[in-house]
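Novice: Can you keep this structure in mind? I'll have questions shortly.
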Amino acid sequence: MSKRNENRLGYKKTKVGWIPEEWECVKIKDVCAQPVSGFSAKGTDNTVSPKTSDIGVLKLSCIDAGRFNPYENKQVIQADLSKVKTPICKDIMLISRSNTEELVGLVCYVEENYPNLFLSDLMWKVSAKKAETINLRWLTNLLLTKNYRKKIAARANGTSGSMKKITKGSFLRLLIPLPPFPEQKKIAEILSAWDRATEQVGKLIDAKQRLKKGLMQQLLTGRMRFQEFGTPVKEKGELPKGWRIVMLRDVASIAKKKKLTSVHGEVLLTVKLHCLGIVRNTERQPKLTEGGRPYFKRQAGEFLIGRQNFHNGGFGIIPKELDGCIASNAITSLNVQENKLSSRYLLYVFSNPNYYKRIGNIMDGTGQKELSEKQILRLKILYPSVAEQTRIAAVLSTCDREIELLKKKQEKLKEQKNGLMQKLLTGEVRHPDFINDKGIS
């Protein structure tokens with residue numbers, strides 16, 4: 001609990017720390033009924049809509065840090081329809097009883113009834129013993145705090161590092177501070193306002209991403225063009241007037257790098273899997289040896305291709321903040337001459353899933369498959385004029401900037417909520433309606 005509460009007027013010391021005098025210290029079993037699990041029915045690759053009559057069993061991913069995602073499910077096969085149990089109803093808390101060490105014990109609150117969705121046996125639903133005693137939305141927020149995430153993880157057991165389990169007994173014996181029910185409800189309402197704001201921004205991000213995807217499909221194929229560059233094509237696969245198909249070797253080359261013999265403070269750079277153009281810093285420093293893997297210094301603006309993960313989106317342009325970082329020889333640096341090819345345009349061409357995923361079919365190797373530098377140079381791309389490439393890249397870059405700004409706004413809202421949770425759920429700050437004559441916040 002908050003250290004600010006220690007020895008404060010109107011606060012008392014309990015097994016969960018210093019809490020307001022009106023609050024209680026109880027075990028979860030005192031206010032919640034026995035958790036109920038479901039049945040892990042076999043499912044198809046299809047997802048069922050929560051509003052249909054098709055039956056779905058929930059995946060663990062339906063629990064998303066406090067938010068319930070009903071679309072994270074799989075359609076139950078005909079043979080298992082009679083075996084499903086525990087449908088999802090409103091005003092319950094779901095908890096992941098078996099998961100990775102990082103995700104075990106994660107919880108979410110369910111606001112609506114979903115009679116066609118059912119629990120698997122890897123999750124519990126938790127309900128209140130008495131509705132006027134515990135507000136489950138409030139409890140969900142409490143169990144999502146860092147303090148309680150650690151406590152739940154510490155109670156998980158299992159020999160495997162990948163899947164940990166918590167028992168009903170260890171969960172129900174967990175001690176929690178319990179404000180009076182009206183105060184729980186008020187705290188939950190305040191935190192829900194931040195949840196709604198975060199969700200609204202998330203919807204805007206989704207909409208912007210769909211817009212960008214649609215623009216990519218149109219602009220990168222010539223089905224949408226700027227008037228000064230010509231008319232758009234009407235048929236799929238038709239080559240726009242003024243465009244041609246070229247191999248990468250016609251407009252770019254492999255950059256030659258001098259092998260590093262020592263490292264002085266530099267940190268390792270990598271092209272992350274599935275990041276689609278995002279280059280990140282791993283913040284680790286490799287040891288250079290005579291016979292070991294060679295490393296090279298990289299500069300801002302270089303176009304990088306991860307030869308072992310290109311087919312998973314492993315490529316990108318080095319941002320200014322990573323200028324001078326180093327990368328191994330498993331990452332190729334492409335020398336893109338801007339008078340021949342816009343590097344941003346190339347990034348968006350590569351970012352089309354239909355493009356980068358099919359590269360896996362030409363990668364060589366019996367174990368870890370790899371795209372050779374010769375194969376990279378033979379990759380074919382649609383090639384409009386540099387001026388048109390630049391306009392296309394500018395439009396898509398604007399989408400990226402707008403999405404990035406929205407993501408930063410979303411992260412700010414999450415930070416604000418985390419700060420509120422720390423203060424409200426510990427009693428460090430209280431709503432004016434619940435401060436008694438001695439309580440000072």
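Letters A, B, ... go to the chains of the structure tokens in the order shown; residues in each chain start at 1; ligands are counted from 1 in the same order.
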Could you pull the residues within 12 Å of range 18-21 of chain A, counting only C-alpha atoms, minus those fewer than 3 positions along the same chain, as a ChimeraX atom specification?

Specialist: /A:1-15,24-25,176-180,183,423-430,434-441

Novice: Which of range 93-210 of chain A counts as strand (DSSP E) under DSSP, as a PyMOL selection string please?

Specialist: chain A and resi 93-96+98-99+107-110+114-118+123-126+164-165+175-178

Novice: Please identify all polymer residues within 7 Å of Ile331 in chain A, counting only C-alpha atoms, omitting same-chain residues fewer than 6 positions from it, and present them as a PyMOL selection string.

Specialist: chain A and resi 304-307

Novice: Report as JSON, numbers by chain all protein, DNA and RNA residues lying within 8 Å of Leu143 in chain A, evaluated on only C-alpha atoms, omitting residues in the same chain fewer than 5 positions from it.

Specialist: {"A": [106, 107, 148, 149]}

Novice: Tell me, as an mmCIF file with C-alpha atoms, in the first residue's frame, which residues lie within 9 Å of range 318-330 of chain A, counting only C-alpha atoms; anything in the same chain fewer than 5 positions away does not count.

Specialist:
data_model
loop_
_atom_site.group_PDB
_atom_site.id
_atom_site.type_symbol
_atom_site.label_atom_id
_atom_site.label_comp_id
_atom_site.auth_asym_id
_atom_site.auth_seq_id
_atom_site.Cartn_x
_atom_site.Cartn_y
_atom_site.Cartn_z
ATOM 1 C CA LEU A 260 34.258 -3.386 -36.008
ATOM 2 C CA VAL A 263 32.985 -1.582 -29.114
ATOM 3 C CA GLU A 266 27.655 1.405 -28.481
ATOM 4 C CA VAL A 267 24.531 -0.672 -28.061
ATOM 5 C CA LEU A 268 23.163 -3.433 -30.243
ATOM 6 C CA LEU A 269 20.501 -2.705 -32.832
ATOM 7 C CA THR A 270 17.988 -5.187 -34.153
ATOM 8 C CA ILE A 278 10.109 -0.369 -36.629
ATOM 9 C CA VAL A 279 13.802 -0.557 -35.735
ATOM 10 C CA ARG A 280 14.489 -0.929 -32.034
ATOM 11 C CA ASN A 281 17.486 -0.894 -29.746
ATOM 12 C CA GLN A 285 26.642 -4.887 -25.976
ATOM 13 C CA ARG A 293 30.151 -12.953 -35.676
ATOM 14 C CA PRO A 294 31.145 -9.631 -37.276
ATOM 15 C CA TYR A 295 29.379 -6.420 -36.258
ATOM 16 C CA PHE A 296 29.046 -3.140 -38.120
ATOM 17 C CA LYS A 297 28.239 0.435 -37.132
ATOM 18 C CA ARG A 298 24.990 1.797 -38.575
ATOM 19 C CA GLN A 299 23.858 5.317 -39.419
ATOM 20 C CA ALA A 300 20.480 7.029 -39.229
ATOM 21 C CA GLY A 301 18.525 6.689 -42.464
ATOM 22 C CA GLU A 302 19.970 3.312 -43.452
ATOM 23 C CA PHE A 303 17.476 0.806 -44.799
ATOM 24 C CA LEU A 304 17.884 -2.455 -42.883
ATOM 25 C CA ILE A 305 16.721 -5.929 -43.852
ATOM 26 C CA GLY A 306 16.785 -8.794 -41.365
ATOM 27 C CA ARG A 307 17.659 -11.666 -43.654
ATOM 28 C CA GLN A 308 16.275 -14.298 -41.274
ATOM 29 C CA GLU A 370 17.660 -16.986 -44.538
#

Novice: What does the structure give for the distance between CA of Ser351 in chain A and CA of Asp364 in chain A, in Å to one decimal?

Specialist: 21.3 Å

Novice: If you measure from CA of Lys85 in chain A to CA of Asp30 in chain A, what distance in Å do you get, rounded to one decimal?

Specialist: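 Going from CA of Lys85 in chain A over to CA of Asp30 in chain A covers 25.6 Å.
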
Novice: For Ile77 in chain A, work out the shell of residues within 8 Å, counting only C-alpha atoms and skipping chain neighbours fewer than 4 positions away, then give it as a list in words.

Specialist: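 My reading of the contact set: Ala41, Lys42, Gly43, Thr44 and Leu81 of chain A.
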
Novice: Between A:Ser98, A:Thr140, A:Asn69, A:Ser385, which residue has the minimum interatomic distance to Arg244 in chain A, considering only C-alpha atoms?

Specialist: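 Under the stated criterion, the closest residue is A:Ser385.
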
Novice: To one decimal in Å, tell me the separation between CA of Ile88 in chain A and CA of Pro50 in chain A.

Specialist: 10.4 Å

Novice: Tell me which protein, DNA and RNA residues are within 9 Å of Leu347 in chain A, counting only C-alpha atoms, leaving out same-chain ones fewer than 5 positions away, and put them as a list in words.

Specialist: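 With the cut-off at 9 Å, the set is Leu276, Gly277, Phe303, Phe315, Gly316, Ile317, Ser342 and Ala393 of chain A.
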
Novice: Rank A:Leu139, A:Ala131, A:Val201, A:Leu379 by their smallest atom-to-atom distance to Glu411 in chain A, using only C-alpha atoms, and report the top residue only.

Specialist: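 Smallest separation from Glu411 in chain A among the options: A:Val201.
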
Novice: Report the residues of range 153-287 of chain A whose backbone DSSP state falls under helix (DSSP H, G or I), written as a PyMOL selection string.

Specialist: chain A and resi 153-155+168-172+181-219+227-229+248-250

Novice: Have a look at A:Gly169, A:Gly292, A:Gly38, A:Pro232 and name the one nearest to Lys259 in chain A; count only C-alpha atoms.

Specialist: A:Gly292

Novice: With 10 Å as the cut-off and only C-alpha atoms counted, what is the closest atom pair between each nearby residue of range 1-60 of chain A and range 124-127 of chain A? Distances in Å to one decimal, ordered by chain and number, as a Markdown table.

Specialist:
| residue | atom | partner | partner_atom | distance |
| --- | --- | --- | --- | --- |
| A:Val31 | CA | A:Ser127 | CA | 9.0 |
| A:Cys32 | CA | A:Ser127 | CA | 5.8 |
| A:Ala33 | CA | A:Ser127 | CA | 5.7 |
| A:Gln34 | CA | A:Val126 | CA | 7.0 |
| A:Pro35 | CA | A:Val126 | CA | 4.9 |
| A:Val36 | CA | A:Trp124 | CA | 5.0 |
| A:Ser37 | CA | A:Trp124 | CA | 4.4 |
| A:Gly38 | CA | A:Trp124 | CA | 7.2 |

Novice: Let's have the selection written as an mmCIF file, in the first residue's frame, with N, CA and C atoms.

Specialist:
data_model
loop_
_atom_site.group_PDB
_atom_site.id
_atom_site.type_symbol
_atom_site.label_atom_id
_atom_site.label_comp_id
_atom_site.auth_asym_id
_atom_site.auth_seq_id
_atom_site.Cartn_x
_atom_site.Cartn_y
_atom_site.Cartn_z
ATOM 1 N N VAL A 31 -15.689 -12.174 0.385
ATOM 2 C CA VAL A 31 -16.615 -11.348 -0.389
ATOM 3 C C VAL A 31 -16.965 -11.953 -1.754
ATOM 4 N N CYS A 32 -16.190 -12.947 -2.202
ATOM 5 C CA CYS A 32 -16.437 -13.557 -3.517
ATOM 6 C C CYS A 32 -16.795 -15.032 -3.384
ATOM 7 N N ALA A 33 -17.646 -15.503 -4.284
ATOM 8 C CA ALA A 33 -18.022 -16.917 -4.313
ATOM 9 C C ALA A 33 -16.863 -17.735 -4.887
ATOM 10 N N GLN A 34 -16.983 -19.050 -4.755
ATOM 11 C CA GLN A 34 -15.972 -19.946 -5.316
ATOM 12 C C GLN A 34 -15.835 -19.716 -6.820
ATOM 13 N N PRO A 35 -14.612 -19.568 -7.322
ATOM 14 C CA PRO A 35 -14.423 -19.418 -8.770
ATOM 15 C C PRO A 35 -14.939 -20.643 -9.517
ATOM 16 N N VAL A 36 -15.484 -20.415 -10.698
ATOM 17 C CA VAL A 36 -16.041 -21.501 -11.519
ATOM 18 C C VAL A 36 -15.287 -21.536 -12.845
ATOM 19 N N SER A 37 -14.867 -22.732 -13.264
ATOM 20 C CA SER A 37 -14.146 -22.870 -14.528
ATOM 21 C C SER A 37 -15.078 -23.424 -15.600
ATOM 22 N N GLY A 38 -14.540 -23.592 -16.802
ATOM 23 C CA GLY A 38 -15.335 -24.111 -17.913
ATOM 24 C C GLY A 38 -14.756 -25.398 -18.456
#
